[in-house]
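A.B. asks: Provided herewith: work.cif, mmCIF, C-alpha atoms and all ligand atoms.
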data_start
loop_
_atom_site.label_atom_id
_atom_site.label_comp_id
_atom_site.auth_asym_id
_atom_site.auth_seq_id
_atom_site.Cartn_x
_atom_site.Cartn_y
_atom_site.Cartn_z
CA MET A 1487 -59.25 207.12 -75.19
CA GLU A 1488 -58.35 210.69 -74.25
CA LYS A 1489 -61.85 212.09 -74.02
CA GLU A 1490 -64.19 211.42 -71.13
CA TYR A 1491 -67.71 210.39 -72.01
CA ASP A 1492 -70.92 210.52 -70.01
CA LEU A 1493 -72.40 207.66 -72.02
CA LEU A 1494 -70.93 204.75 -73.92
CA ILE A 1495 -73.45 203.65 -76.54
CA VAL A 1496 -73.02 200.23 -78.10
CA GLY A 1497 -74.70 200.09 -81.52
CA ALA A 1498 -75.27 202.96 -83.97
CA GLY A 1499 -78.72 201.68 -84.96
CA PRO A 1500 -81.93 203.64 -84.40
CA VAL A 1501 -81.81 203.00 -80.64
CA GLY A 1502 -78.19 204.12 -80.18
CA CYS A 1503 -78.70 207.24 -82.30
CA VAL A 1504 -81.89 208.31 -80.52
CA VAL A 1505 -80.43 207.85 -77.03
CA ALA A 1506 -77.30 209.84 -77.92
CA GLU A 1507 -79.41 212.62 -79.43
CA GLN A 1508 -81.77 212.77 -76.45
CA VAL A 1509 -79.12 212.97 -73.72
CA ALA A 1510 -77.15 215.55 -75.72
CA LYS A 1511 -80.22 217.71 -76.28
CA GLN A 1512 -81.82 217.39 -72.87
CA LYS A 1513 -78.75 217.27 -70.63
CA GLY A 1514 -75.75 218.34 -72.68
CA TRP A 1515 -74.15 214.94 -72.05
CA ARG A 1516 -71.30 213.69 -74.21
CA SER A 1517 -71.63 210.24 -75.81
CA LEU A 1518 -69.39 207.86 -77.67
CA ILE A 1519 -71.33 205.61 -80.05
CA ILE A 1520 -69.52 202.51 -81.28
CA ASP A 1521 -70.60 200.01 -83.91
CA LYS A 1522 -68.86 196.91 -85.16
CA ARG A 1523 -70.13 197.57 -88.70
CA ASP A 1524 -68.60 200.23 -90.95
CA HIS A 1525 -71.72 202.40 -91.02
CA ILE A 1526 -74.41 203.90 -88.82
CA ALA A 1527 -78.22 203.31 -88.94
CA GLY A 1528 -78.14 199.62 -87.93
CA ASN A 1529 -80.45 197.46 -89.99
CA CYS A 1530 -82.15 200.56 -91.41
CA TYR A 1531 -78.94 201.29 -93.33
CA ASP A 1532 -79.48 202.26 -96.96
CA ARG A 1533 -76.81 203.06 -99.52
CA THR A 1534 -76.19 203.71 -103.17
CA HIS A 1535 -75.59 200.44 -105.00
CA GLU A 1536 -72.80 200.20 -107.61
CA SER A 1537 -75.52 200.82 -110.24
CA GLY A 1538 -76.43 204.18 -108.71
CA VAL A 1539 -79.74 202.90 -107.28
CA LEU A 1540 -80.49 203.46 -103.59
CA ILE A 1541 -80.90 200.10 -101.84
CA HIS A 1542 -81.84 198.88 -98.36
CA GLN A 1543 -78.85 196.74 -97.42
CA TYR A 1544 -80.52 194.61 -94.71
CA GLY A 1545 -83.96 194.10 -96.25
CA PRO A 1546 -86.64 196.61 -97.11
CA HIS A 1547 -87.69 199.04 -94.39
CA TYR A 1548 -91.27 200.24 -94.68
CA PHE A 1549 -91.52 202.96 -92.08
CA ARG A 1550 -94.93 203.34 -90.48
CA SER A 1551 -96.45 204.58 -87.25
CA ASN A 1552 -99.74 205.55 -85.71
CA LYS A 1553 -98.19 208.37 -83.71
CA LYS A 1554 -97.99 211.87 -85.10
CA GLU A 1555 -95.54 212.94 -82.39
CA LEU A 1556 -93.06 210.30 -83.59
CA ILE A 1557 -93.34 211.53 -87.18
CA ASP A 1558 -92.80 215.10 -85.98
CA TYR A 1559 -89.81 214.08 -83.87
CA LEU A 1560 -88.07 212.35 -86.81
CA GLY A 1561 -89.27 215.17 -89.07
CA GLN A 1562 -86.60 217.37 -87.45
CA TYR A 1563 -84.06 215.27 -89.35
CA THR A 1564 -85.78 214.40 -92.60
CA GLU A 1565 -88.42 215.37 -95.11
CA TRP A 1566 -90.94 212.62 -95.75
CA ILE A 1567 -92.35 211.13 -98.93
CA PRO A 1568 -95.37 208.78 -99.07
CA GLY A 1569 -94.60 205.14 -98.26
CA ASN A 1570 -96.24 203.37 -101.22
CA TYR A 1571 -96.02 199.90 -99.64
CA GLU A 1572 -97.81 197.49 -101.93
CA VAL A 1573 -97.22 193.74 -101.93
CA LYS A 1574 -98.37 190.96 -104.22
CA SER A 1575 -98.12 187.25 -103.62
CA SER A 1576 -97.46 184.71 -106.35
CA ALA A 1577 -99.73 181.66 -106.44
CA ARG A 1578 -101.11 179.47 -109.24
CA GLY A 1579 -98.99 181.46 -111.74
CA GLU A 1580 -100.73 184.77 -110.90
CA LEU A 1581 -99.92 187.75 -108.69
CA PHE A 1582 -102.51 188.46 -105.98
CA PRO A 1583 -102.81 191.57 -103.77
CA PHE A 1584 -101.52 190.72 -100.27
CA PRO A 1585 -102.54 190.78 -97.41
CA ILE A 1586 -105.78 189.11 -98.41
CA ASN A 1587 -108.53 191.63 -99.14
CA LEU A 1588 -111.70 191.72 -101.25
CA LEU A 1589 -109.66 192.04 -104.45
CA THR A 1590 -107.56 188.98 -103.56
CA LEU A 1591 -110.68 186.95 -102.84
CA GLY A 1592 -112.33 188.17 -106.07
CA GLN A 1593 -109.33 187.14 -108.17
CA PHE A 1594 -108.83 183.85 -106.30
CA PHE A 1595 -112.45 182.66 -106.49
CA ASN A 1596 -113.11 184.36 -109.82
CA ARG A 1597 -116.10 186.42 -108.71
CA GLU A 1598 -116.80 189.79 -107.13
CA PHE A 1599 -117.35 190.05 -103.36
CA THR A 1600 -118.93 192.67 -101.14
CA ALA A 1601 -117.66 192.66 -97.55
CA GLU A 1602 -120.76 190.70 -96.41
CA GLU A 1603 -120.45 188.15 -99.22
CA ALA A 1604 -116.76 187.66 -98.43
CA GLU A 1605 -117.53 187.04 -94.74
CA GLU A 1606 -120.23 184.59 -95.74
CA HIS A 1607 -117.90 182.78 -98.13
CA LEU A 1608 -115.07 182.54 -95.59
CA ASN A 1609 -117.57 181.28 -93.03
CA LYS A 1610 -118.30 178.38 -95.37
CA ILE A 1611 -114.68 177.45 -96.02
CA ARG A 1612 -112.95 178.22 -92.71
CA ILE A 1613 -112.22 175.43 -90.25
CA PRO A 1614 -113.81 176.68 -87.03
CA ASN A 1615 -111.57 176.66 -83.98
CA ASP A 1616 -112.29 178.81 -80.91
CA ASN A 1617 -108.89 178.25 -79.41
CA PRO A 1618 -106.23 177.86 -82.12
CA GLN A 1619 -102.92 176.66 -80.65
CA ASN A 1620 -100.54 177.39 -83.49
CA SER A 1621 -100.18 179.33 -86.74
CA GLU A 1622 -101.74 176.62 -88.90
CA GLU A 1623 -104.84 176.26 -86.76
CA PHE A 1624 -105.16 180.01 -86.58
CA VAL A 1625 -105.03 180.65 -90.34
CA LEU A 1626 -107.26 177.67 -91.15
CA SER A 1627 -109.83 179.05 -88.73
CA ARG A 1628 -109.83 182.35 -90.58
CA VAL A 1629 -109.54 181.50 -94.28
CA GLY A 1630 -109.73 177.71 -94.74
CA LYS A 1631 -107.44 175.24 -96.46
CA GLU A 1632 -107.13 176.54 -100.04
CA LEU A 1633 -106.06 180.11 -99.18
CA TYR A 1634 -103.85 178.81 -96.36
CA GLU A 1635 -102.03 176.44 -98.69
CA SER A 1636 -101.66 179.07 -101.45
CA PHE A 1637 -100.39 182.00 -99.41
CA TYR A 1638 -99.22 180.97 -95.94
CA LEU A 1639 -98.07 177.37 -95.62
CA ASN A 1640 -94.96 177.29 -97.83
CA TYR A 1641 -93.96 180.87 -97.11
CA THR A 1642 -93.88 180.10 -93.40
CA ILE A 1643 -91.89 176.88 -93.92
CA LYS A 1644 -89.35 178.76 -96.07
CA GLN A 1645 -89.11 181.65 -93.65
CA TRP A 1646 -88.68 179.57 -90.49
CA GLU A 1647 -87.74 176.07 -91.66
CA MET A 1648 -90.53 175.05 -89.34
CA HIS A 1649 -94.07 173.91 -90.02
CA PRO A 1650 -96.82 176.40 -89.04
CA THR A 1651 -98.05 173.78 -86.54
CA GLU A 1652 -94.77 174.34 -84.64
CA LEU A 1653 -95.11 178.11 -84.56
CA ASN A 1654 -97.01 180.30 -82.19
CA LYS A 1655 -100.28 181.58 -83.68
CA SER A 1656 -98.98 185.17 -83.54
CA VAL A 1657 -96.47 184.44 -86.33
CA CYS A 1658 -99.14 184.25 -89.04
CA GLY A 1659 -101.68 186.06 -86.89
CA ARG A 1660 -99.97 189.41 -87.46
CA ILE A 1661 -101.05 189.49 -91.09
CA PRO A 1662 -104.44 191.19 -91.41
CA ILE A 1663 -107.36 189.96 -93.53
CA ARG A 1664 -109.35 192.88 -94.89
CA PHE A 1665 -112.96 193.13 -95.85
CA ASN A 1666 -112.31 196.15 -98.04
CA LYS A 1667 -110.23 196.96 -101.11
CA ASP A 1668 -107.29 198.47 -99.25
CA ILE A 1669 -104.22 197.04 -101.00
CA ARG A 1670 -101.62 198.68 -98.73
CA TYR A 1671 -99.29 196.25 -96.97
CA VAL A 1672 -99.85 197.67 -93.47
CA ASP A 1673 -102.70 199.44 -91.69
CA HIS A 1674 -100.84 202.28 -89.96
CA GLU A 1675 -102.04 205.85 -90.21
CA TYR A 1676 -98.66 207.22 -91.26
CA GLN A 1677 -96.81 205.32 -93.99
CA LEU A 1678 -93.84 207.43 -94.92
CA THR A 1679 -90.24 207.09 -95.98
CA PRO A 1680 -87.36 209.51 -95.35
CA LYS A 1681 -86.83 211.47 -98.57
CA GLU A 1682 -83.03 211.10 -98.61
CA GLY A 1683 -83.02 207.70 -96.88
CA PHE A 1684 -82.62 206.32 -93.35
CA THR A 1685 -78.84 206.67 -93.15
CA GLU A 1686 -79.08 210.36 -93.96
CA MET A 1687 -81.84 210.82 -91.35
CA PHE A 1688 -79.93 209.09 -88.53
CA GLY A 1689 -76.72 210.85 -89.62
CA LYS A 1690 -78.40 214.23 -89.14
CA MET A 1691 -79.77 213.10 -85.78
CA ILE A 1692 -76.30 212.47 -84.37
CA ASP A 1693 -74.57 215.35 -86.10
CA ASN A 1694 -73.76 217.05 -82.81
CA ASP A 1695 -70.47 218.16 -81.18
CA LEU A 1696 -71.43 216.17 -78.10
CA ILE A 1697 -71.60 212.89 -80.03
CA ASP A 1698 -68.57 210.95 -81.31
CA VAL A 1699 -68.92 207.86 -83.48
CA LYS A 1700 -66.37 205.09 -83.78
CA LEU A 1701 -67.15 202.48 -86.44
CA GLU A 1702 -65.68 199.00 -86.92
CA THR A 1703 -65.28 198.82 -83.17
CA SER A 1704 -66.98 196.17 -81.13
CA PHE A 1705 -67.93 196.35 -77.48
CA GLU A 1706 -65.55 193.52 -76.69
CA ASP A 1707 -62.63 195.65 -78.03
CA ILE A 1708 -63.45 198.70 -76.02
CA LYS A 1709 -65.20 197.72 -72.81
CA ASN A 1710 -62.06 197.92 -70.70
CA LEU A 1711 -60.86 201.15 -72.32
CA VAL A 1712 -63.89 203.43 -72.02
CA LYS A 1713 -65.46 203.95 -68.63
CA PRO A 1714 -68.42 206.29 -69.06
CA LYS A 1715 -69.24 208.66 -66.21
CA ILE A 1716 -73.01 208.05 -66.21
CA ALA A 1717 -74.13 204.93 -68.07
CA THR A 1718 -73.68 202.41 -70.85
CA LEU A 1719 -76.45 201.86 -73.38
CA TYR A 1720 -76.09 198.40 -74.88
CA SER A 1721 -78.14 197.62 -78.02
CA GLY A 1722 -76.23 194.48 -79.07
CA PRO A 1723 -77.31 190.86 -78.47
CA ILE A 1724 -78.00 190.21 -74.80
CA ASP A 1725 -76.54 186.68 -74.77
CA ALA A 1726 -73.22 187.97 -76.20
CA TYR A 1727 -72.97 190.56 -73.41
CA PHE A 1728 -73.09 187.74 -70.86
CA ASP A 1729 -70.67 185.51 -72.79
CA PHE A 1730 -73.47 183.11 -73.80
CA GLN A 1731 -73.33 181.66 -70.30
CA TYR A 1732 -76.80 180.06 -70.59
CA GLY A 1733 -76.39 179.20 -74.28
CA LYS A 1734 -77.19 181.00 -77.53
CA LEU A 1735 -80.48 182.67 -78.31
CA PRO A 1736 -81.37 181.56 -81.86
CA TRP A 1737 -81.97 184.07 -84.66
CA ARG A 1738 -83.18 183.61 -88.20
CA SER A 1739 -81.17 185.46 -90.80
CA LEU A 1740 -81.44 186.31 -94.51
CA ASP A 1741 -79.03 185.86 -97.36
CA ILE A 1742 -79.82 188.95 -99.43
CA SER A 1743 -78.53 189.33 -102.98
CA PHE A 1744 -78.96 192.31 -105.29
CA LYS A 1745 -79.34 192.24 -109.06
CA GLU A 1746 -79.37 195.18 -111.44
CA PHE A 1747 -81.77 195.37 -114.41
CA ASP A 1748 -81.45 197.71 -117.33
CA GLU A 1749 -85.01 199.00 -117.22
CA GLU A 1750 -86.80 201.66 -115.21
CA TYR A 1751 -88.96 199.23 -113.22
CA LYS A 1752 -88.88 195.45 -113.21
CA GLN A 1753 -91.89 194.45 -111.11
CA PRO A 1754 -95.34 196.03 -110.61
CA CYS A 1755 -94.91 196.91 -106.92
CA VAL A 1756 -92.23 197.06 -104.24
CA GLN A 1757 -92.56 193.49 -103.00
CA ILE A 1758 -93.56 190.14 -104.47
CA ASN A 1759 -93.88 187.15 -102.16
CA TYR A 1760 -93.06 183.72 -103.52
CA PRO A 1761 -94.58 181.21 -101.13
CA ASN A 1762 -94.54 178.36 -103.62
CA ASP A 1763 -91.66 178.85 -106.07
CA HIS A 1764 -87.94 179.68 -105.84
CA ASP A 1765 -85.57 179.49 -102.83
CA TYR A 1766 -86.18 183.13 -102.03
CA THR A 1767 -89.22 184.28 -100.08
CA ARG A 1768 -89.59 187.68 -101.66
CA SER A 1769 -88.20 189.97 -104.34
CA VAL A 1770 -88.05 193.65 -103.49
CA GLU A 1771 -87.70 196.64 -105.79
CA ILE A 1772 -87.23 199.41 -103.24
CA LYS A 1773 -87.29 202.08 -105.99
CA HIS A 1774 -91.10 201.93 -105.79
CA VAL A 1775 -90.72 203.37 -102.29
CA THR A 1776 -87.71 205.67 -102.64
CA GLN A 1777 -89.14 207.06 -105.91
CA GLN A 1778 -85.63 207.58 -107.21
CA LYS A 1779 -85.52 208.56 -110.89
CA THR A 1780 -83.13 206.23 -112.75
CA ASN A 1781 -83.24 204.31 -116.04
CA ASN A 1782 -82.07 201.14 -114.33
CA THR A 1783 -83.29 199.32 -111.23
CA VAL A 1784 -82.15 196.87 -108.55
CA ILE A 1785 -84.08 193.95 -107.10
CA SER A 1786 -83.13 192.20 -103.86
CA TYR A 1787 -83.85 188.52 -103.24
CA GLU A 1788 -84.03 187.10 -99.71
CA VAL A 1789 -83.20 183.52 -98.85
CA PRO A 1790 -83.81 182.70 -95.17
CA THR A 1791 -80.90 181.01 -93.41
CA TRP A 1792 -79.65 180.13 -89.91
CA LYS A 1793 -76.25 181.70 -90.64
CA GLY A 1794 -75.42 185.39 -90.71
CA ASP A 1795 -76.60 188.52 -88.93
CA PRO A 1796 -79.37 188.17 -86.34
CA TYR A 1797 -82.61 189.34 -88.01
CA TYR A 1798 -85.64 187.62 -86.52
CA PRO A 1799 -85.86 186.15 -83.01
CA VAL A 1800 -87.36 182.66 -83.20
CA PRO A 1801 -90.83 182.74 -81.62
CA ALA A 1802 -90.85 179.62 -79.40
CA ASP A 1803 -91.57 179.23 -75.69
CA ASP A 1804 -88.15 177.83 -74.75
CA ASN A 1805 -86.42 180.82 -76.37
CA ALA A 1806 -88.63 183.19 -74.39
CA ALA A 1807 -87.64 181.30 -71.22
CA LEU A 1808 -83.94 181.52 -72.10
CA PHE A 1809 -84.27 185.25 -72.75
CA LYS A 1810 -85.88 185.68 -69.31
CA LYS A 1811 -82.81 184.16 -67.68
CA TYR A 1812 -80.57 186.66 -69.47
CA TRP A 1813 -82.96 189.49 -68.60
CA LYS A 1814 -82.48 188.73 -64.90
CA LEU A 1815 -78.73 189.20 -65.36
CA ALA A 1816 -79.41 192.41 -67.30
CA GLU A 1817 -81.46 193.81 -64.42
CA GLU A 1818 -78.61 193.11 -62.00
CA GLU A 1819 -76.09 194.65 -64.39
CA ASN A 1820 -78.29 197.72 -64.62
CA LYS A 1821 -78.37 198.12 -60.84
CA GLU A 1822 -74.68 197.43 -60.29
CA ASN A 1823 -73.04 199.06 -63.31
CA SER A 1824 -75.68 201.35 -64.87
CA VAL A 1825 -75.86 199.35 -68.08
CA TYR A 1826 -79.15 199.78 -69.98
CA PHE A 1827 -80.27 197.08 -72.40
CA SER A 1828 -82.46 198.43 -75.17
CA GLY A 1829 -83.38 197.63 -78.78
CA ARG A 1830 -84.26 194.51 -80.69
CA LEU A 1831 -81.04 192.56 -80.06
CA ALA A 1832 -80.82 193.35 -76.36
CA ARG A 1833 -84.50 192.56 -75.78
CA TYR A 1834 -84.61 189.56 -78.16
CA THR A 1835 -87.73 190.87 -79.81
CA TYR A 1836 -88.94 191.71 -83.28
CA ILE A 1837 -89.79 195.38 -83.32
CA ASN A 1838 -90.33 197.76 -86.18
CA THR A 1839 -88.32 200.95 -86.45
CA ASP A 1840 -91.05 203.15 -84.96
CA GLU A 1841 -91.23 200.84 -81.94
CA ALA A 1842 -87.43 200.80 -81.61
CA ILE A 1843 -87.43 204.59 -81.56
CA GLU A 1844 -90.16 204.72 -78.94
CA MET A 1845 -88.21 202.22 -76.85
CA ALA A 1846 -85.08 204.39 -77.19
CA LEU A 1847 -86.94 207.53 -76.12
CA GLU A 1848 -88.16 205.66 -73.04
CA THR A 1849 -84.66 204.34 -72.29
CA ALA A 1850 -83.18 207.85 -72.57
CA ARG A 1851 -85.86 209.12 -70.19
CA GLN A 1852 -85.00 206.33 -67.75
CA ILE A 1853 -81.24 206.99 -67.91
CA ILE A 1854 -81.81 210.68 -67.19
CA GLU A 1855 -84.26 209.97 -64.36
CA ASP A 1856 -81.91 207.44 -62.70
CA ALA A 1857 -78.93 209.80 -62.98
CA GLU A 1858 -80.87 212.56 -61.28
CA LYS A 1859 -81.92 210.43 -58.29
C1 LIG A 1901 -85.05 191.98 -92.59
C2 LIG A 1901 -85.63 193.08 -91.77
C3 LIG A 1901 -86.65 193.85 -92.28
C4 LIG A 1901 -87.19 194.89 -91.52
N1 LIG A 1901 -88.20 195.61 -92.06
C5 LIG A 1901 -88.72 196.65 -91.35
C6 LIG A 1901 -89.78 197.43 -91.90
O1 LIG A 1901 -90.26 197.17 -93.01
N2 LIG A 1901 -90.26 198.47 -91.17
C7 LIG A 1901 -89.77 198.79 -89.94
O2 LIG A 1901 -90.24 199.76 -89.34
N3 LIG A 1901 -88.78 198.04 -89.38
C8 LIG A 1901 -88.25 196.98 -90.05
N4 LIG A 1901 -87.26 196.21 -89.50
C9 LIG A 1901 -86.87 196.45 -88.10
C10 LIG A 1901 -85.76 197.47 -87.91
O3 LIG A 1901 -84.61 197.09 -88.60
C11 LIG A 1901 -85.46 197.54 -86.39
O4 LIG A 1901 -86.61 197.88 -85.68
C12 LIG A 1901 -84.41 198.54 -86.01
O5 LIG A 1901 -83.28 198.47 -86.84
C13 LIG A 1901 -84.03 198.29 -84.56
O6 LIG A 1901 -83.06 199.22 -84.13
P1 LIG A 1901 -81.94 198.79 -83.07
O7 LIG A 1901 -81.12 200.00 -82.85
O8 LIG A 1901 -82.60 198.14 -81.91
O9 LIG A 1901 -81.11 197.61 -83.75
P2 LIG A 1901 -80.19 197.53 -85.05
O10 LIG A 1901 -80.73 198.36 -86.15
O11 LIG A 1901 -79.97 196.09 -85.31
O12 LIG A 1901 -78.81 198.19 -84.58
C14 LIG A 1901 -77.97 197.55 -83.64
C15 LIG A 1901 -76.54 197.87 -84.00
O13 LIG A 1901 -75.69 197.37 -82.95
C16 LIG A 1901 -74.50 196.91 -83.55
N5 LIG A 1901 -73.88 195.95 -82.63
C17 LIG A 1901 -74.38 194.77 -82.20
N6 LIG A 1901 -73.54 194.17 -81.35
C18 LIG A 1901 -72.48 195.00 -81.22
C19 LIG A 1901 -71.26 194.93 -80.48
N7 LIG A 1901 -70.98 193.89 -79.68
N8 LIG A 1901 -70.37 195.94 -80.60
C20 LIG A 1901 -70.64 197.01 -81.43
N9 LIG A 1901 -71.77 197.13 -82.13
C21 LIG A 1901 -72.68 196.14 -82.04
C22 LIG A 1901 -74.93 196.28 -84.85
O14 LIG A 1901 -73.85 196.22 -85.78
C23 LIG A 1901 -76.06 197.23 -85.29
O15 LIG A 1901 -75.58 198.21 -86.19
C24 LIG A 1901 -86.71 195.15 -90.22
C25 LIG A 1901 -85.67 194.36 -89.70
C26 LIG A 1901 -85.14 193.33 -90.46
C27 LIG A 1901 -84.06 192.48 -89.87
#
Can I see the file as C-alpha cells?
Ligand SMILES: Cc1cc2nc3c(=O)[nH]c(=O)nc-3n(C[C@H](O)[C@H](O)[C@H](O)COP(=O)(O)OP(=O)(O)OC[C@H]3O[C@@H](n4cnc5c(N)ncnc54)[C@H](O)[C@@H]3O)c2cc1C
C.D. replies:
Amino acid sequence: MEKEYDLLIVGAGPVGCVVAEQVAKQKGWRSLIIDKRDHIAGNCYDRTHESGVLIHQYGPHYFRSNKKELIDYLGQYTEWIPGNYEVKSSARGELFPFPINLLTLGQFFNREFTAEEAEEHLNKIRIPNDNPQNSEEFVLSRVGKELYESFYLNYTIKQWEMHPTELNKSVCGRIPIRFNKDIRYVDHEYQLTPKEGFTEMFGKMIDNDLIDVKLETSFEDIKNLVKPKIATLYSGPIDAYFDFQYGKLPWRSLDISFKEFDEEYKQPCVQINYPNDHDYTRSVEIKHVTQQKTNNTVISYEVPTWKGDPYYPVPADDNAALFKKYWKLAEEENKENSVYFSGRLARYTYINTDEAIEMALETARQIIEDAEK
C-alpha cells in the first residue's frame, strides 16, 4: 500500500461508512475502508435485480427512527420517501394485519372491538403470569393460547429452530400489541426510505477524496500490510478477530431467494408472514416500499438456516457470556493497539440501521477524543 492512512476501517456497512465520513469531515483524516464483499452498504445493500426491479439483497430494510437529528444527518445524502411498512400474517387461510391490533382481533374473533372491549376480552383469555421466564410464557400472558398458536408459536420455531420456551422473553416481547387501528409494522415517529436506495445513500456519504474503498478484501488479507496512523475501526465479527480462541459465537442466517412475477404487484402489502405454512417465514415485495414504477415485480422468500452470513445473534445466556469474554479482549486491544469494535457483528447484537448509525457516530466521537488526549 503506497498511501498512508489515518484510519483503517474494516467493513463498508453503515458503521464503517459513517465513521469514515465523520473523521474526514471533522478532522480531515484519511481512511481506507475495506470489505470482503464486492459492494458497500453492508446488509443494507440494495441493487437492481436482473428483472429491473430494485431489491434488498440481504432481507428487507425498513428504516425508522425516533430522532429527527438522525433523519437530518442522513438527509444530507438522500431524499426520503414515506416508509409504507405494512405486514400481514397468514393464519387459518386468511391474512391478518400484524402486529396484533384492534382490526386483527376483530377479524380473528369475528366481531368489532373498542380498545376497552379488546382489553376486557384479552383479560379473559390471557394466561396470567407476573413473571414470565421465556417467550412462550410472555406471549401467553398477553394474548392467550389461540392467538399465540396462530401467530407466534410456529413462526418462532421456524425462525430459531428453538421452542419459544427456550427463548428469552424479549424475543417475542419486542412485537407490540396495539389497542388501536394502527396497521403500521413499527411504532417509530419517522418511517422513511431513501428515495434512490441505501447503497446510493451510503455511496454519497463516502464520496470524499479522503476516503478510499477497497472491496473483495478481507481484514485477514490486509492486516499486516496497512498500519493506520491513528486507529482501526473493526465492524466484522468479534470472534473472528480473535481467531475464535474461545469458540464460535452462533448466528442465525437466512437463505433468501428472489422470484420475478409478470404483474405490477403480487401481494397486498410489503410483507406477509407465514407462521404455519411453507418453509419460508415471510415473503417480501419491497416494491411497496421503494415505490418503483414497473410492470413486473420481485418477491423474496426467506428460509432461516444455520449456514451462511451472520444475520441474527442467538439470544441465549451462554452466548451473552461468551461475548463478554471476547469483549474483555476487545477492551485490551483498544488500549494497546487503538482498535475500536463497533457495529452489529463486533458487538454481537441485533441493532437496526438507525441504531447502528448512532453507534457509529458515538464511536467516531470516541476515536477523535482519544486521539486528542
Ligand atoms: C435480515 C435482516 C433484516 C434487517 N432489517 C432491518 C430493518 O428492517 N430495518 C433496519 O433499520 N435494520 C434492519 N437490519 C439491520 C441492519 O442491517 C444493520 O443494523 C446494519 O446493517 C448494521 O450495520 P453494520 O455496519 O454494523 O454491519 P453490516 O451492515 O453487517 O456491515 C458489516 C460489513 O463488514 C464486512 N466484513 C465483516 N467481516 C469482515 C472482514 N473480516 N473483512 C472485511 N470486511 C468484513 C461485511 O462484509 C459487511 O459488509 C436488518 C438486518 C438483517 C440481517
A.B. asks: Would you pick out the contacts of Glu1565 in chain A at 8 Å or less, using all atoms listed in the file, so that residues sharing its chain but fewer than 4 positions from it are not included, and give the list as a list in words?
C.D. replies: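 Once the nearby chain positions are removed, what remains is Gly1561, Pro1680, Lys1681 and Glu1682 of chain A.
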A.B. asks: Pick from A:Asp1856, A:Glu1572, A:Glu1602, A:Asp1741: nearest to Ile1669 in chain A, with only C-alpha atoms counted?
C.D. replies: A:Glu1572
A.B. asks: Find the residues with any atom within 7 Å of (-97.7, 196.3, -98.0); use only C-alpha atoms and the coordinates as given in the file, and write the answer as a PyMOL selection string.
C.D. replies: chain A and resi 1571-1573+1670-1672
A.B. asks: Please identify all polymer residues within 8 Å of Ser1537 in chain A, counting only C-alpha atoms, omitting same-chain residues fewer than 4 positions from it, and present them as a count of residues only.
C.D. replies: 4
A.B. asks: With all atoms listed in the file as the atoms that count, which of A:Ser1656, A:Gln1593, A:Asn1666, A:Asn1587 lies nearest to Ser1621 in chain A?
C.D. replies: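 Checking each of A:Ser1656, A:Gln1593, A:Asn1666, A:Asn1587 against Ser1621 in chain A, counting all atoms listed in the file, the winner is A:Ser1656.
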A.B. asks: Counting only C-alpha atoms, which of A:Asp1558, A:Asp1803, A:Glu1788, A:Asp1673 gets nearest to Asn1759 in chain A?
C.D. replies: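 Nearest candidate to Asn1759 in chain A out of A:Asp1558, A:Asp1803, A:Glu1788, A:Asp1673: A:Glu1788.
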A.B. asks: When you count only C-alpha atoms, which of these residues is closest to Glu1647 in chain A: A:Glu1858, A:Thr1767, A:Leu1719, A:Glu1490?
C.D. replies: A:Thr1767
A.B. asks: Near Lys1752 in chain A, within 8 Å and counting only C-alpha atoms, which residues show up once chain neighbours fewer than 3 positions away are dropped, as a PyMOL selection string?
C.D. replies: chain A and resi 1747+1749+1771+1783+1785
A.B. asks: Which residue out of A:Ala1807, A:Ile1716, A:Val1800, A:Leu1540 has the minimum interatomic distance to Ile1853 in chain A when only C-alpha atoms are used?
C.D. replies: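 Ranked by minimum distance to Ile1853 in chain A, first place goes to A:Ile1716.
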A.B. asks: Considering all atoms listed in the file, state which residue in the set A:Ala1604, A:Tyr1732, A:Asn1620, A:Ile1541 is at the smallest distance from Met1648 in chain A.
C.D. replies: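 So, comparing all the options, the nearest one is A:Asn1620.
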A.B. asks: By how many Å are CA of Phe1809 in chain A and CA of Phe1624 in chain A apart?
C.D. replies: 25.6 Å
A.B. asks: Which residues come within 12 Å of Phe1730 in chain A, counting only C-alpha atoms, excluding same-chain residues fewer than 3 positions away, as a PDB file with C-alpha atoms, in the coordinates of the input?
C.D. replies:
ATOM      1  CA  PRO A1723     -77.310 190.860 -78.470  1.00  0.00           C
ATOM      2  CA  ILE A1724     -78.000 190.210 -74.800  1.00  0.00           C
ATOM      3  CA  ASP A1725     -76.540 186.680 -74.770  1.00  0.00           C
ATOM      4  CA  ALA A1726     -73.220 187.970 -76.200  1.00  0.00           C
ATOM      5  CA  TYR A1727     -72.970 190.560 -73.410  1.00  0.00           C
ATOM      6  CA  GLY A1733     -76.390 179.200 -74.280  1.00  0.00           C
ATOM      7  CA  LYS A1734     -77.190 181.000 -77.530  1.00  0.00           C
ATOM      8  CA  LEU A1735     -80.480 182.670 -78.310  1.00  0.00           C
ATOM      9  CA  PRO A1736     -81.370 181.560 -81.860  1.00  0.00           C
ATOM     10  CA  LEU A1808     -83.940 181.520 -72.100  1.00  0.00           C
ATOM     11  CA  PHE A1809     -84.270 185.250 -72.750  1.00  0.00           C
ATOM     12  CA  LYS A1811     -82.810 184.160 -67.680  1.00  0.00           C
ATOM     13  CA  TYR A1812     -80.570 186.660 -69.470  1.00  0.00           C
ATOM     14  CA  LEU A1815     -78.730 189.200 -65.360  1.00  0.00           C
TER      15      LEU A1815
END
A.B. asks: Using only C-alpha atoms, list the residues that have an atom at most 7 Å from (-68.5, 209.7, -81.8), coordinates as in the file, as a list in words.
C.D. replies: Ser1517, Leu1518, Ile1519, Ile1697, Asp1698, Val1699 and Lys1700 of chain A
A.B. asks: Which centre and edge lengths in Å to one decimal define the box along x, y and z that fits every listed atom of range 1510-1522 of chain A plus 8 Å per side, as AutoDock Vina command-line options?
C.D. replies:
--center_x -75.3 --center_y 207.6 --center_z -77.9 --size_x 29.0 --size_y 37.4 --size_z 30.5
A.B. asks: Please list as number ranges by chain every residue within 7 Å of Ile1742 in chain A, counting only C-alpha atoms and excluding residues in the same chain fewer than 3 positions away.
C.D. replies: A: 1786-1789
A.B. asks: Would you compute the distance between CA of Thr1780 in chain A and CA of Pro1583 in chain A? Give it in Å to one decimal.
C.D. replies: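 Computed distance, CA of Thr1780 in chain A to CA of Pro1583 in chain A, equals 26.1 Å.
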